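What follows is the content of upload-v4.txt, which has compact mmCIF, C-alpha atoms:
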# COMPACT_ATOMS: atom_id res chain seq x y z
CA GLN A 286 -2.73 -19.05 6.59
CA VAL A 287 -2.12 -15.72 4.88
CA GLN A 288 -1.35 -12.72 7.04
CA LEU A 289 -0.50 -9.15 6.12
CA VAL A 290 0.65 -7.06 9.07
CA GLU A 291 1.06 -3.31 8.68
CA SER A 292 3.15 -1.08 10.90
CA GLY A 293 4.67 2.38 10.89
CA GLY A 294 1.64 4.60 11.15
CA GLY A 295 1.39 7.47 13.61
CA LEU A 296 0.98 11.18 14.11
CA VAL A 297 3.17 13.48 12.02
CA GLN A 298 3.22 17.19 11.30
CA PRO A 299 2.48 18.51 7.82
CA GLY A 300 5.58 18.24 5.66
CA GLY A 301 6.86 15.28 7.66
CA SER A 302 7.57 11.71 6.61
CA LEU A 303 6.54 8.22 7.58
CA ARG A 304 7.41 4.77 6.26
CA LEU A 305 4.75 2.09 6.38
CA SER A 306 5.63 -1.59 6.32
CA CYS A 307 3.53 -4.62 5.46
CA GLU A 308 5.04 -7.97 6.38
CA ALA A 309 3.50 -10.94 4.61
CA SER A 310 3.34 -14.56 5.66
CA GLY A 311 1.71 -17.48 3.90
CA ILE A 312 2.28 -15.98 0.43
CA THR A 313 5.28 -14.86 -1.59
CA LEU A 314 4.70 -11.23 -2.45
CA ASN A 315 6.66 -11.12 -5.70
CA TYR A 316 4.06 -13.41 -7.31
CA TYR A 317 1.18 -11.18 -6.25
CA ALA A 318 -0.23 -7.83 -7.21
CA ILE A 319 0.30 -5.80 -4.03
CA ALA A 320 -1.05 -2.42 -3.10
CA TRP A 321 -1.54 0.24 -0.48
CA PHE A 322 -5.05 1.57 -0.02
CA ARG A 323 -6.31 4.22 2.34
CA GLN A 324 -9.67 5.18 3.74
CA ALA A 325 -10.52 8.43 5.43
CA PRO A 326 -13.68 8.87 7.54
CA GLY A 327 -16.73 9.23 5.32
CA LYS A 328 -14.78 8.49 2.14
CA GLU A 329 -14.41 5.48 -0.10
CA ARG A 330 -11.33 3.29 0.04
CA GLU A 331 -8.74 4.66 -2.40
CA ARG A 332 -5.80 2.88 -3.98
CA VAL A 333 -2.69 4.89 -3.20
CA SER A 334 -0.08 2.80 -4.99
CA CYS A 335 0.61 -0.71 -6.22
CA ILE A 336 3.26 -3.01 -7.67
CA SER A 337 2.57 -5.54 -10.42
CA ALA A 338 4.05 -9.03 -10.14
CA ARG A 339 4.30 -9.24 -13.93
CA ASP A 340 7.20 -6.80 -14.25
CA GLY A 341 7.54 -4.95 -10.96
CA SER A 342 6.00 -1.83 -12.46
CA THR A 343 4.45 0.66 -10.04
CA ASN A 344 1.40 2.85 -10.14
CA TYR A 345 0.45 5.88 -8.04
CA ALA A 346 -2.66 7.91 -7.41
CA ASP A 347 -2.29 11.45 -8.77
CA SER A 348 -2.69 12.84 -5.26
CA VAL A 349 0.53 11.17 -4.05
CA LYS A 350 2.76 11.19 -7.14
CA GLY A 351 6.16 12.63 -6.37
CA ARG A 352 5.63 12.33 -2.62
CA PHE A 353 5.08 8.60 -1.97
CA THR A 354 7.26 5.68 -3.03
CA ILE A 355 6.20 2.04 -2.97
CA SER A 356 8.79 -0.72 -2.78
CA ARG A 357 9.08 -4.40 -2.07
CA ASP A 358 11.84 -6.38 -0.35
CA ASN A 359 11.60 -9.91 -1.67
CA ALA A 360 14.08 -11.29 0.86
CA LYS A 361 11.99 -9.96 3.75
CA ASN A 362 8.68 -10.58 1.95
CA THR A 363 7.70 -7.07 2.96
CA LEU A 364 5.99 -4.17 1.21
CA TYR A 365 6.83 -0.57 2.05
CA LEU A 366 5.34 2.85 1.47
CA GLN A 367 7.65 5.81 1.99
CA MET A 368 5.52 8.91 2.49
CA ASN A 369 7.17 12.32 2.28
CA SER A 370 5.81 15.86 2.31
CA LEU A 371 2.73 14.64 4.12
CA LYS A 372 -0.41 16.76 4.02
CA PRO A 373 -3.46 16.82 6.32
CA GLU A 374 -5.49 15.28 3.50
CA ASP A 375 -3.27 12.18 3.69
CA THR A 376 -4.86 11.40 7.04
CA ALA A 377 -6.50 7.97 6.80
CA VAL A 378 -6.24 4.34 7.77
CA TYR A 379 -3.75 2.73 5.41
CA TYR A 380 -4.15 -0.89 4.36
CA CYS A 381 -1.92 -3.22 2.40
CA ALA A 382 -3.55 -5.71 0.09
CA ALA A 383 -2.49 -8.61 -2.11
CA GLU A 384 -4.08 -10.59 -4.91
CA GLY A 385 -2.74 -13.58 -6.78
CA PRO A 386 -0.76 -15.29 -7.85
CA THR A 387 -1.49 -13.09 -10.84
CA TYR A 388 0.16 -11.50 -13.84
CA TYR A 389 -2.55 -8.87 -14.15
CA TYR A 390 -1.25 -5.34 -13.85
CA CYS A 391 -2.12 -4.08 -10.38
CA SER A 392 -3.62 -0.86 -11.72
CA GLY A 393 -6.37 -2.93 -13.34
CA LEU A 394 -7.52 -4.40 -10.04
CA GLY A 395 -10.12 -2.66 -7.92
CA ALA A 396 -10.31 -2.94 -4.16
CA SER A 397 -12.93 -5.69 -4.34
CA GLU A 398 -10.55 -7.83 -6.40
CA TYR A 399 -7.83 -7.96 -3.77
CA GLY A 400 -8.30 -11.10 -1.73
CA TYR A 401 -5.93 -10.50 1.15
CA TRP A 402 -5.91 -7.47 3.45
CA GLY A 403 -4.04 -6.27 6.47
CA GLN A 404 -5.70 -4.83 9.53
CA GLY A 405 -4.74 -1.25 8.72
CA THR A 406 -2.55 1.37 10.35
CA GLN A 407 -3.65 4.91 11.21
CA VAL A 408 -1.79 7.85 9.70
CA THR A 409 -2.66 11.27 11.08
CA VAL A 410 -1.12 14.43 9.63
CA SER A 411 -1.78 17.38 11.88
CA SER A 412 -0.02 20.27 13.54
The structure in this file should be written as structure tokens.
Amino acid sequence: QVQLVESGGGLVQPGGSLRLSCEASGITLNYYAIAWFRQAPGKERERVSCISARDGSTNYADSVKGRFTISRDNAKNTLYLQMNSLKPEDTAVYYCAAEGPTYYYCSGLGASEYGYWGQGTQVTVSS
């Protein structure tokens, strides 16, 4: 059974940092396209960042470039999202997702094409 379990969300002041984790079981992440999505109230789910299994290349939404860093620890089978310089508009529920095994570049996969999802973790940026 595949499980993706996120952790690390919380309340942080603007300009602060958080690191989200997504521990996987039942799949080996380095063979999968893996991504972080977020969804704010009243908005569509948005892909924040992803890693391709094909070559480990990463992709970021323009709104988070230079502030967020996605990484993967193959030994721990865990995906991370380091979020720095957080803004109120980053407030959302953050989800990790995986699809595969696949050699498609992750940036070519929409939300509906990811087959495995975590339960989400709330990130609130507020003073």
Shortest interatomic distance to A:Thr387 - which of A:Asn315, A:Leu296, A:Glu291, A:Thr343, counting all atoms listed in the file: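 Looking at the shortest contact to A:Thr387, the residue is A:Asn315.
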Which one is closest to A:Tyr388: A:Arg352, A:Lys361, A:Lys372, A:Arg339? Count all atoms listed in the file.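 Closest to A:Tyr388, using all atoms listed in the file: A:Arg339.
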Rounded to one decimal, what separation in Å do you get between atom CA of A:Thr409 and atom CA of A:Thr376?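 Interatomic distance, atom CA of A:Thr409 to atom CA of A:Thr376: 4.6 Å.
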Atom CA of A:Ser412 to atom CA of A:Ala382, straight-line distance in Å: 29.5 Å
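The closest residue to A:Leu305, picked from A:Leu366, A:Ala377, A:Ile355, A:Val290 and counting all atoms listed in the file, is A:Leu366.
Among the candidates A:Glu308, A:Ser292, A:Tyr401, A:Gly393, the residue lying nearest to A:Thr363 is A:Glu308 (atoms considered: all atoms listed in the file).
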Just want the 8 Å neighbourhood of A:Trp402, counted on only C-alpha atoms, with same-chain residues fewer than 3 positions away dropped. Output as a PyMOL selection string. chain A and resi 288-289+380-383+399
Proximity to A:Ser337 - best of A:Val297, A:Ala318, A:Ser302, A:Ser392, all atoms listed in the file: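 Answer, going by the shortest atom-to-atom distance: A:Ala318.
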